[in-house]
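Read through the structure below, which is laid out as structure tokens, and then see the notes.
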Amino acid sequence: MTAPAILPERGPADRLTAFFWRRPRVFLALLLAPPLLWLGVVYLGSLATLLWQSFYSIDEFSGMVKEDFTLKTYAELLRPANFDVILRTLLMSAAVTLGCALLAFPIAYFAARFARGRWKAVFYLGVMLPLWSSYLVKVYAWKLILAKEGIVTWAAEATHTSGLLNALLALPVIGGNSLSTSYIGMFMVFVYVWIPYMILPMQAALERVPTSMLEASQDLGASRAQTFRTVILPLALPGVIAGSIFTFSLTMGDYIIPQIVGNSANFIGMAVYQLQGTAGNIPLAAAFSMVPILIMLVYLTLAKRAGAFDAL
Amino acid sequence: MRSDANPNRASLGLKLAAIGGLLFLHLPILLIFLYAFTTEERTYAFPPPGLTTEWFAAAWNRPDIWQALWLSLKVASVATFLAMILGTLVSAAMAQARFFGREQISLLIVLPIALPGVITGISLRSAFGMMDIPFSTWTIILGHATFCIVIVYNNAVARFRRLSGGVLEASADLGANAFQTFWHVLLPNLGTALLAGGMLAFALSFDEVIVTTFTAGQQATLPIWMLEELIRPRQRPVTNVVAILVFLATILPILAAYYLTRSGSETAGAGK
Amino acid sequence: MTAAVEFQSVSRHFGSGPNAVKAVDAVDLTIAEGSFFAMLGPSGSGKTTCLRLISGFEQPSAGAIRIFGQDVSAIPPNRRNVNTVFQDYALFPHMNVRDNVAYGLMVKGTPRALRHAKAEEMLHLVQLGGYGDRKPGQLSGGQRQRVALARALVNEPRVLLLDEPLGALDLKLREAMQDELKSLQQRLGITFVFVTHDQHEALSMADSLAVFNQGKIAQIGSPEDIYAKPRTRFVADFVGSSNILPPALTQALGGPAQWASLRPEHTRLAATGPLTGTVTALRYLGAATRVVLKSGDTEIAALVPAGDPLPDPGSTAAIAFAPQHLHLMEDK
Amino acid sequence: MTAAVEFQSVSRHFGSGPNAVKAVDAVDLTIAEGSFFAMLGPSGSGKTTCLRLISGFEQPSAGAIRIFGQDVSAIPPNRRNVNTVFQDYALFPHMNVRDNVAYGLMVKGTPRALRHAKAEEMLHLVQLGGYGDRKPGQLSGGQRQRVALARALVNEPRVLLLDEPLGALDLKLREAMQDELKSLQQRLGITFVFVTHDQHEALSMADSLAVFNQGKIAQIGSPEDIYAKPRTRFVADFVGSSNILPPALTQALGGPAQWASLRPEHTRLAATGPLTGTVTALRYLGAATRVVLKSGDTEIAALVPAGDPLPDPGSTAAIAFAPQHLHLMEDK
Amino acid sequence: QVTAIGEGEGEVSIVAWAGYIERGETMKEFDWVTKFEADTGCKVSVKTANTSDEMVALMNEGGFDLVTASGDASLRLIAGGRVQPVNIDLIPSWATVDDRLKDAPWHTVDGVHYGVPYMWGPNVLMYNTDAFKDAPPTSWNVVFEEMTLPDGQSNKGRVQAYDGPIHIADAAQYLMFHKPELKITSPYELNEEQYKAALDLLRVQRDLVGRYWHDAFIQMDDFKNEGVVASGSWPFQVGLMQSEKQPIASVIPQEGATGWADTTMMHVDAAHPNCAYKWMEHSLASNLQSDLSVWFGANPAVLAACTDGRGMQTAEGCTANGLDDFDKIRFWTTPVANCAQGEGACVPYYRWVSDYIGVIGGR
Ligand SMILES: Nc1ncnc2c1ncn2[C@@H]1O[C@H](COP(=O)(O)OP(=O)(O)OP(=O)(O)O)[C@@H](O)[C@H]1O
Ligand SMILES: Nc1ncnc2c1ncn2[C@@H]1O[C@H](COP(=O)(O)OP(=O)(O)OP(=O)(O)O)[C@@H](O)[C@H]1O
Ligand SMILES: [Mg+2]
Ligand SMILES: [Mg+2]
């Protein structure tokens, strides 16, 4: 007895399977509908209300929001003091991103190329544990480290390098009374808390560079430094860009670190937080929010073009 | 041997920089541990005047910690659950086919982590405000699930790619209908990636403070409790005790996630 | 006897408009029941797409496909009693070998004991008895290939599709598996549809052979037919390495003014003959040496069996052949 | 004339203790300058490791390597005038074809205009003139292979190492590239060291050939030597498909009690002969048909040229051969 | 306006300054919530605010019953319609309220009361006694002008200032004393010229200040760990630091001090009006007022609290907290454009806000 060439249909599961087989687009739509509804309605919807609110203005005396359309709030955004805030934030974000990239590279490079077996695990955990340990407590730990009577000062005295520390703090603009009240200190804390976000994609990108590529370069006569510059770096670039999306965006939006470390000068995140919470000036907060949104949209488009999304 | 001679050996400089970098990552964490045992309750004088374990008992006896912990657990579990469903669906769709708008969707998925948390927070809050939605556990979950989706997505989509259409087609070829394929082939293969993604999403939600401050109203999740506590200390070392306990409790899922995704190309935990 | 598989001017186009890819283009095809049918063709010629049309993973843009006489346009893959051995095997990595093989029975609801017994039987058939508890990751390439085969065969399919199943194996293993597959097919009497781009494989295994080119079938017939009587220049060139003679040359050699093919193994070297040239290359092939003569713009290869005297490179030699070996072709 | 490459009992062991892998085990080897040297052997036999020892990516555990007479134990890869064409080509994906080819010159500090000119010249040599602006991702497999070749050749290396450079190409392309490589080598006069596990490739291309087995050289010599006079059972079996006769059978056929090999193409089918058996399989190979006779436990293959009459499967036939083709071997 | 108090709703939520509503968690002795909750069944939840702006924002957002608003917030709340008139007839203890506060302009508009007074006090100059040794500061100049402190080091980087626009008033008050030619009459009513002078002074101060303070506890940390030795502050921090045996003292310098007088006000949409009224009544109990004034180092709204011995406060304590300096303190009020100098003559508050952000940002 030979089996039939076409098997019989057994129940509704088979019928449904056949239905979706005939209409793969319907199936796709079914898959996409819930997440798109969520992200499209909840998330984009919220962003849209925010955009909407940025065209409102606030009554200066009572602090009540006036629900009339106006560009007044945007005009306010461009006032020198606010403009300073934006500029300061962007500079800090860029510096932090650069700092993270420089500091992360050796770690990521070593972990990707040389760490094997046990060391690989050590590096992985070494990056993941700080990443997932409480952000707030880490920031406070840094406050202790950087305070005038904190560990850095203590260590500097113990090692007789106070002069160096004071010279650092005497630098114009970025220096200050102590590390914890200076831009230098803030920069250090930012770099510390965000660096895992740089290491991980960087390491992933570096791991994807085939060994044969490096050997080819050496085979063709390139020294280590030349190989690094002409092969490794360009190939790891998408990873660096992916990482920089995080470090840049996280720095730009953070409001807790500038509150705890630094010299009280405002940052975008802090301004948004205070305008929304302390000052109740939602329109201005919304207008301020548009700055990082625009910057990140441009950034993301460029990053996507550079192939960084595959490295996220 | 000349340093150039063996490309499989790291140079001393690189080794030092890498190890130094790792130490830099861990120094503050050691400090957190140290200060969980200090006898000084109000300030963090360095070095600590003395050591004690009393704060562990003190933490145990603080009902506000338990409340916050419970809320955090609740939020993280539900948010992770939602994110796993949504993230899996979208990764299935994205792995399956090229379709119109695919690029835009991939952009949309990363947006919640690519935009600063403060933006997500304030926009959710203003949306709640506009629609007169009162703050509740659900408003927190809503925010968390939104940025957890991408974590699950990142893990799942990598596995989908590795799973190559092959085994799914093989299953259908051998006579399985869509549900049998899902249950017997897709789920077991996707399982570890989902689990890893889920655990990372959980850990992320559990430590989130930026978005939460906007969506929590008067409720305190564990990180919000910590923020209050760090700024207005009653028993500062208790905060460190809690941080340590959370830290120890997250080591396990992280280790597990590592071993589950080790063979794969997923970058476990990228993205916050 | 109904045909196992029948294509009636089947097309499968991807995309639309001027950029559409005609992966399969108005193909007519009949595969006899119980035959070993091979599809041969260069990369991108539509072989895989044809298989996927049979298994149901692609649907024709036009035309009809019949399996044992029945139109399958509304039948999803899981209801076609056709099984595939995938090129990358596509074994389920999370199941052991036994469960992989028993999968098809499991989804049909066969009780555990019975399906395990059948799986073991199948594993014995492919000489993998005792490997049931291993995971696919613990097997070598050739073993995986056999598991994939067992997994497909346990369902007693009416047609077995094999998409370059030996592509990833190395030469020795490949030859061994060729023998095994061929004898298995003869024993079971199942219709095999076998895709390859290796002409040796296709020639030596198939009962019947289709040569694909750019989504169309260039020639279909027995291996002997196709090797000895290629209908077009493409087939002559692709199957075996033939000397392809332009019309002028054919005429010079005594034929009509038409394209022709002349197999190197049908030529002898001689002191004089209708075609004389300079020896430009000698390539030792073990059993024979391939000698290339150059005469003007034309290069002609002849095969000198091992042991026969070889000309020196640079010397002049002529080629002789029996007139019946000059095979005329269409100009394609 | 100094040898291009010389191994003096070179070993390369990975790991240590009882689990050590002897990837290369006390190998002595001399590669003549200007020759096309092939390394043939099964997977894992140490071919790649040998190449890497020459290029400097591995250091010998014992023994000395000389390149043109100079001991290279202290010379890093980038300072050896030896270039490699990698199996996966290892083209730099972020550079266009021209920059890939010019890479070796760039790191040496050659001015841009000059190195671009040289790169173009090289690209012409490998018939890729005009492809300079493409990225490697936009090329086909064979084109990439040629870029890798050009990239290595532009440095004018004294020795070019090629690690299965044709492994990823399909048959037609592969044969074309074989011809191209061979003629390039003859034109440039550079020493080529070519790794492959395809015996046809090795036999047809090499001037000189080493067969590897488990880290040792099983036989070294000209292709003709190795094909016609395999020294061991391993070589006879691996190079071409030989009938391997155990001592008893050799004796029965009139030889001494020793292992022997008999090539299928050296046998004829006859009505009677020293060895009679049942015809079990016929395999059409195009130019010939391979017939397998079974006599007791022994299987013997004979090759029947196309056109000659074929026996029916199941019938009885005998094999005849000239006594000089019975080749005696060591018992290994 | 509520006309009768009914059953409590079981809870009441209050926006308050740090240290205003204590339930024995910081120090066991200071607890004026637990018993209230037991007596009325109204569970008290407190949201701490750090600045007046934050209070206004919280009240605008809603969800709270009561707020302990300072003078610079209360009028904004009233103008914005965020708080409702309080029926003082329903608050028996109203009679005991200090007469100086009963009709104070920061909670009484057109004779209508919008809350009950809670506490008032000066913004003192807190300093480190080690740094000042035998020469305690007598002028705010230690936080406004660069100088060498008695310990031989400069004050640069060692002083703090309040991180709220209302700090402009402190600068104005300093100028009022040192630059009489500016003719400042009230630090909350500044014309353009006066305002500019105040900002200039604050820009000088910017160079001295490492970090501005807006949270009482962070300020205490900074005095302990960051080497801060002088700052405007509240008696609350002084008292707490002293109780921790820190070398801390405070003065009201010769220029005088700004100060705050806080009022418990009720949200217009308060969800728990009955409990809110019960709390307002409770907040005037003399023992609460007494403990509160000790705890915060300020002056009770009920004079009896200083003397009746039902709480911890004593008459001497009240005097030390400046009970008799009421007239010298310039209480926080919201700057408005229409001031005593004329319609639109003064710089309004919203400009204070943005300009102060600018000053802190170094502009
Ligand atoms: N899903 C698809 N979308 C678009 N084009 C496709 C798709 N599948 C196949 N094609 C195109 O159809 C043509 C035929 O592809 P097919 O895979 O059938 O070739 P093949 O003969 O199997 O080649 P190979 O030997 O390389 O496997 C190719 O040009 C291919 O690019
Ligand atoms: N880095 C290494 N560490 C440990 N063992 C190695 C290493 N490199 C090679 N080997 C082992 O050495 C042996 C020879 O390997 P090699 O790569 O030289 O083989 P091959 O002849 O090139 O094989 P193939 O044809 O598969 O490429 C193998 O058993 C391999 O597993
Ligand atoms: Mg194919
Ligand atoms: Mg190799």
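All residue names refer to the structure tokens as shown: chains lettered A, B, ... in order, residues numbered from 1 in each chain, ligands numbered from 1 in order.
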
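Taking only C-alpha atoms, the non-local environment of D:Val101 within 9 Å (same-chain residues fewer than 4 positions away omitted) comprises Asn96, Val97, Leu105, Arg115, His116, Lys118, Ala119, Glu120, Met122, Leu123, Gly132, Val147, Ala148, Leu149, Ala150, Arg151, Ala152, Leu153 and Val154 of chain D.
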
Take the residues just selected and output them with C-alpha atoms as a compact mmCIF listing (two decimals), in the first residue's frame.
# COMPACT_ATOMS: atom_id res chain seq x y z
CA ASN D 96 37.43 49.32 -2.92
CA VAL D 97 39.17 46.84 -5.15
CA LEU D 105 52.26 49.15 -1.41
CA ARG D 115 50.58 52.49 -6.18
CA HIS D 116 47.31 53.10 -7.95
CA LYS D 118 50.58 49.43 -10.17
CA ALA D 119 47.30 48.21 -8.79
CA GLU D 120 45.58 48.92 -12.08
CA MET D 122 47.81 44.05 -11.62
CA LEU D 123 44.07 44.21 -12.07
CA GLY D 132 38.91 49.18 -9.31
CA VAL D 147 41.43 40.40 -6.54
CA ALA D 148 43.02 38.43 -3.73
CA LEU D 149 45.54 37.16 -6.22
CA ALA D 150 46.29 40.62 -7.55
CA ARG D 151 46.62 41.94 -4.03
CA ALA D 152 49.23 39.33 -3.23
CA LEU D 153 51.08 39.63 -6.53
CA VAL D 154 51.43 43.39 -6.51

For chain C versus chain B, which residues have an atom no more than 8 Å away, and what is each residue's nearest atom pair and distance in Å rounded to one decimal, using only C-alpha atoms, chain-then-number order, as a tab-separated table?
residue	atom	partner	partner_atom	distance
C:Ser55	CA	B:Asp173	CA	7.1
C:Phe57	CA	B:Glu169	CA	7.6
C:Pro77	CA	B:Asp173	CA	5.6
C:Asn78	CA	B:Gly175	CA	3.9
C:Arg79	CA	B:Gly175	CA	6.1
C:Arg80	CA	B:Gly175	CA	7.7
C:Asn81	CA	B:Gly175	CA	7.9
C:Val82	CA	B:Asp173	CA	7.3
C:Asn83	CA	B:Asp173	CA	5.8
C:Thr84	CA	B:Asp173	CA	6.7
C:Phe86	CA	B:Gly166	CA	7.7
C:Asp88	CA	B:Gly166	CA	7.8
C:Ala90	CA	B:Val167	CA	4.9
C:Leu91	CA	B:Val167	CA	6.5
C:Phe92	CA	B:Val167	CA	6.2
C:Pro93	CA	B:Asn189	CA	7.8
C:His94	CA	B:Asn189	CA	6.7
C:Tyr103	CA	B:Leu174	CA	7.3
C:Gly104	CA	B:Leu174	CA	4.8
C:Val107	CA	B:Ala176	CA	5.5
C:Lys108	CA	B:Gly175	CA	7.3
C:Ala152	CA	B:Leu174	CA	7.0
C:Asn155	CA	B:Leu174	CA	7.5

Worksheet entry | Residue list (strand (DSSP E), DSSP) for stretch 248-354 of chain E, as a ChimeraX atom specification | /E:248-251,258-267,299-300,330-331

Worksheet entry | Long-range neighbours of B:Ala92 as a list in words, 10 Å cut-off, only C-alpha atoms, 4 positions minimum in chain |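 Contacts, with the query itself left out: Leu28, Leu31 and Leu32 of chain A; Leu86, Gly87, Thr88, Gln96, Ala97, Tyr153, Ala156, Val157, Phe160 and Arg161 of chain B.
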
Practice prompt. Pick out the residues no farther than 8 Å from ligand 1, counting only C-alpha atoms and all ligand atoms, and list them as a list of chain:residue names.
Written response: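 Selection of residues at most 8 Å from ligand 1: C:His13, C:Phe14, C:Gly15, C:Val21, C:Lys22, C:Ala23, C:Val24, C:Gly41, C:Pro42, C:Ser43, C:Gly44, C:Ser45, C:Gly46, C:Lys47, C:Thr48, C:Thr49, C:Cys50, C:Glu164, C:Val195, C:Thr196, C:His197, C:Phe212, C:Gln214, C:Gly215.
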
Worksheet entry | Residues of chain A within 10 Å of chain C, only C-alpha atoms counted, as a PyMOL selection string | chain A and resi 2-10+14-15+17-22

Let me see the file: selected residues, C-alpha atoms, as a PDB file, in the first residue's frame.
ATOM      1  CA  THR A   2       1.437   3.367  -0.874  1.00  0.00           C
ATOM      2  CA  ALA A   3       0.654   6.534   1.007  1.00  0.00           C
ATOM      3  CA  PRO A   4      -1.477   9.156  -0.737  1.00  0.00           C
ATOM      4  CA  ALA A   5       0.437  11.909  -2.453  1.00  0.00           C
ATOM      5  CA  ILE A   6      -1.663  14.539  -0.714  1.00  0.00           C
ATOM      6  CA  LEU A   7      -2.353  14.118   2.972  1.00  0.00           C
ATOM      7  CA  PRO A   8      -5.839  14.818   4.328  1.00  0.00           C
ATOM      8  CA  GLU A   9      -6.612  17.959   6.302  1.00  0.00           C
ATOM      9  CA  ARG A  10      -6.809  17.274  10.011  1.00  0.00           C
ATOM     10  CA  ASP A  14      -4.305  22.604   9.424  1.00  0.00           C
ATOM     11  CA  ARG A  15      -6.983  24.839   7.972  1.00  0.00           C
ATOM     12  CA  THR A  17      -2.004  26.856   8.442  1.00  0.00           C
ATOM     13  CA  ALA A  18      -3.295  26.628   4.902  1.00  0.00           C
ATOM     14  CA  PHE A  19      -4.981  29.989   5.255  1.00  0.00           C
ATOM     15  CA  PHE A  20      -1.792  31.707   6.314  1.00  0.00           C
ATOM     16  CA  TRP A  21       0.214  29.837   3.704  1.00  0.00           C
ATOM     17  CA  ARG A  22      -2.027  31.239   1.021  1.00  0.00           C
TER      18      ARG A  22
END

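The neighbours of B:Gly143 here are the residues that come within 7 Å of it, using only C-alpha atoms and leaving out any residue fewer than 4 positions away in the same chain; they are Thr139, Phe147 and Val211 of chain B.
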
Those residues with all heavy atoms, as an mmCIF file, in the first residue's frame please?
data_model
loop_
_atom_site.group_PDB
_atom_site.id
_atom_site.type_symbol
_atom_site.label_atom_id
_atom_site.label_comp_id
_atom_site.auth_asym_id
_atom_site.auth_seq_id
_atom_site.Cartn_x
_atom_site.Cartn_y
_atom_site.Cartn_z
ATOM 1 N N THR B 139 0.929 52.574 34.790
ATOM 2 C CA THR B 139 1.627 53.639 34.058
ATOM 3 C C THR B 139 3.136 53.375 34.076
ATOM 4 O O THR B 139 3.828 53.651 33.103
ATOM 5 C CB THR B 139 1.329 55.021 34.649
ATOM 6 O OG1 THR B 139 1.611 54.998 36.044
ATOM 7 C CG2 THR B 139 -0.126 55.405 34.439
ATOM 8 N N PHE B 147 10.576 50.476 26.550
ATOM 9 C CA PHE B 147 12.009 50.396 26.233
ATOM 10 C C PHE B 147 12.582 48.996 26.436
ATOM 11 O O PHE B 147 13.730 48.744 26.084
ATOM 12 C CB PHE B 147 12.823 51.460 26.990
ATOM 13 C CG PHE B 147 12.721 51.399 28.479
ATOM 14 C CD1 PHE B 147 13.331 50.394 29.186
ATOM 15 C CD2 PHE B 147 12.017 52.372 29.171
ATOM 16 C CE1 PHE B 147 13.234 50.341 30.559
ATOM 17 C CE2 PHE B 147 11.915 52.318 30.543
ATOM 18 C CZ PHE B 147 12.527 51.300 31.236
ATOM 19 N N VAL B 211 12.992 57.163 33.602
ATOM 20 C CA VAL B 211 11.622 57.186 33.099
ATOM 21 C C VAL B 211 10.630 57.052 34.250
ATOM 22 O O VAL B 211 9.584 57.706 34.276
ATOM 23 C CB VAL B 211 11.396 56.057 32.067
ATOM 24 C CG1 VAL B 211 9.958 56.030 31.608
ATOM 25 C CG2 VAL B 211 12.321 56.241 30.878
#

Practice prompt. Using only C-alpha atoms, determine which residues lie at most 8 Å from B:Ala257, disregarding the query and same-chain residues fewer than 6 positions distant; provide the list as a ChimeraX atom specification.
Written response: /B:195-197,199-200,268

Discussion item. Could you list, as a VMD selection string, every residue within 7 Å of stretch 250-256 of chain B, counting only C-alpha atoms and ignoring same-chain residues fewer than 4 positions away?
Written reply: (chain A and resid 129) or (chain B and resid 199 203 246 260)

Discussion item. Set the distance at 7 Å and use only C-alpha atoms: which residues neighbour stretch 300-308 of chain D once local chain neighbours fewer than 4 positions away are removed? I'd like the list as a count of residues only.
Written reply: 13

Worksheet entry | Straight-line distance linking atom CA of C:Gln145 with atom CA of C:Ile226, stated in Å to one decimal | 28.6 Å

Discussion item. Residues of stretch 116-148 of chain E classed as alpha helix (DSSP H) by DSSP on the backbone are to be reported as a list of chain:residue names.
Written reply: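 Going through stretch 116-148 of chain E, the alpha helix (DSSP H) residues come out as E:Thr129, E:Asp130, E:Ala131, E:Phe132, E:Asn141, E:Val142, E:Val143, E:Phe144.
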
Worksheet item: In Å to one decimal, how far is atom CA of E:Thr148 from atom CA of A:Ile145?
Response: 27.7 Å

Worksheet item: Given a cut-off of 7 Å, which residues of chain E touch chain B, counting only C-alpha atoms, written out as a PyMOL selection string?
Response: chain E and resi 26+217-218+221

Selection from above, N, CA and C atoms, as a PDB file, in the first residue's frame, can you write it?
ATOM      1  N   THR E  26      13.383  60.476  61.504  1.00  0.00           N
ATOM      2  CA  THR E  26      14.709  61.054  61.559  1.00  0.00           C
ATOM      3  C   THR E  26      15.218  61.021  62.994  1.00  0.00           C
ATOM      4  N   PHE E 217      19.470  68.292  52.717  1.00  0.00           N
ATOM      5  CA  PHE E 217      20.359  67.209  53.112  1.00  0.00           C
ATOM      6  C   PHE E 217      21.642  67.194  52.289  1.00  0.00           C
ATOM      7  N   ILE E 218      21.502  67.544  51.008  1.00  0.00           N
ATOM      8  CA  ILE E 218      22.712  67.594  50.190  1.00  0.00           C
ATOM      9  C   ILE E 218      23.596  68.726  50.683  1.00  0.00           C
ATOM     10  N   ASP E 221      25.572  67.470  53.510  1.00  0.00           N
ATOM     11  CA  ASP E 221      26.662  66.653  52.981  1.00  0.00           C
ATOM     12  C   ASP E 221      27.816  67.522  52.516  1.00  0.00           C
TER      13      ASP E 221
END

Fill in: Which of C:Tyr131, C:Phe238, C:Phe321, C:Phe194 sits closest to chain D [using only C-alpha atoms]
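Of C:Tyr131, C:Phe238, C:Phe321, C:Phe194, the one nearest chain D, counting only C-alpha atoms, is C:Phe238.
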
Discussion item. Residues of chain E within 8 Å of chain A, counting only C-alpha atoms - could you list those as an MDAnalysis selection string?
Written reply: chainID E and resid 51 53:58 60:61 76:77 79:80 156:158 210:212 225:227 336 349:350 354:355 357:358 360:363

Using C-alpha atoms, can you export the residues from the last selection as a PDB file, in the first residue's frame?
ATOM      1  CA  THR E  51      11.771  74.891  46.176  1.00  0.00           C
ATOM      2  CA  ASP E  53       8.583  76.586  42.270  1.00  0.00           C
ATOM      3  CA  GLU E  54       8.385  72.870  42.763  1.00  0.00           C
ATOM      4  CA  MET E  55       5.542  73.312  45.221  1.00  0.00           C
ATOM      5  CA  VAL E  56       3.594  75.375  42.765  1.00  0.00           C
ATOM      6  CA  ALA E  57       4.235  72.803  40.070  1.00  0.00           C
ATOM      7  CA  LEU E  58       3.082  69.974  42.276  1.00  0.00           C
ATOM      8  CA  ASN E  60      -0.730  72.683  39.583  1.00  0.00           C
ATOM      9  CA  GLU E  61      -0.412  69.038  38.764  1.00  0.00           C
ATOM     10  CA  ARG E  76       0.834  82.438  42.887  1.00  0.00           C
ATOM     11  CA  LEU E  77      -1.286  79.552  44.081  1.00  0.00           C
ATOM     12  CA  ALA E  79      -3.894  83.732  41.642  1.00  0.00           C
ATOM     13  CA  GLY E  80      -3.778  80.488  39.753  1.00  0.00           C
ATOM     14  CA  LYS E 156      36.518  80.785  46.788  1.00  0.00           C
ATOM     15  CA  GLY E 157      34.840  77.431  46.199  1.00  0.00           C
ATOM     16  CA  ARG E 158      33.942  77.160  49.860  1.00  0.00           C
ATOM     17  CA  GLY E 210      31.246  75.477  43.681  1.00  0.00           C
ATOM     18  CA  ARG E 211      27.760  74.111  43.679  1.00  0.00           C
ATOM     19  CA  TYR E 212      24.404  75.705  44.512  1.00  0.00           C
ATOM     20  CA  ASN E 225      32.457  66.369  52.689  1.00  0.00           C
ATOM     21  CA  GLU E 226      32.995  69.172  50.248  1.00  0.00           C
ATOM     22  CA  GLY E 227      34.701  71.658  52.513  1.00  0.00           C
ATOM     23  CA  VAL E 336       5.410  91.203  40.424  1.00  0.00           C
ATOM     24  CA  TYR E 349       9.246  86.763  38.760  1.00  0.00           C
ATOM     25  CA  TYR E 350       9.428  84.901  35.476  1.00  0.00           C
ATOM     26  CA  SER E 354      15.352  82.604  33.587  1.00  0.00           C
ATOM     27  CA  ASP E 355      18.004  85.111  34.561  1.00  0.00           C
ATOM     28  CA  ILE E 357      19.409  79.998  35.436  1.00  0.00           C
ATOM     29  CA  GLY E 358      21.633  82.152  33.260  1.00  0.00           C
ATOM     30  CA  ILE E 360      24.248  79.774  37.409  1.00  0.00           C
ATOM     31  CA  GLY E 361      25.172  78.805  33.870  1.00  0.00           C
ATOM     32  CA  GLY E 362      27.882  81.452  33.953  1.00  0.00           C
ATOM     33  CA  ARG E 363      26.177  84.038  31.803  1.00  0.00           C
TER      34      ARG E 363
END

Discussion item. Given only C-alpha atoms and all ligand atoms as the basis, pick out the residue of A:Val137, A:Thr211, A:Gln218, A:Val191 nearest to ligand 2.
Written reply: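 For ligand 2, the nearest of the given residues is A:Thr211.
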
Worksheet item: chain B residues within 7 Å of chain A, counting only C-alpha atoms: which ones, as a ChimeraX atom specification?
Response: /B:4,8-10,14,17-18,21-22,25-26,28-29,31-32,44,46,86,89-90,93,114-119,123-124,126-127,146,177-179,203,207,227,243,247,251,267,270-271
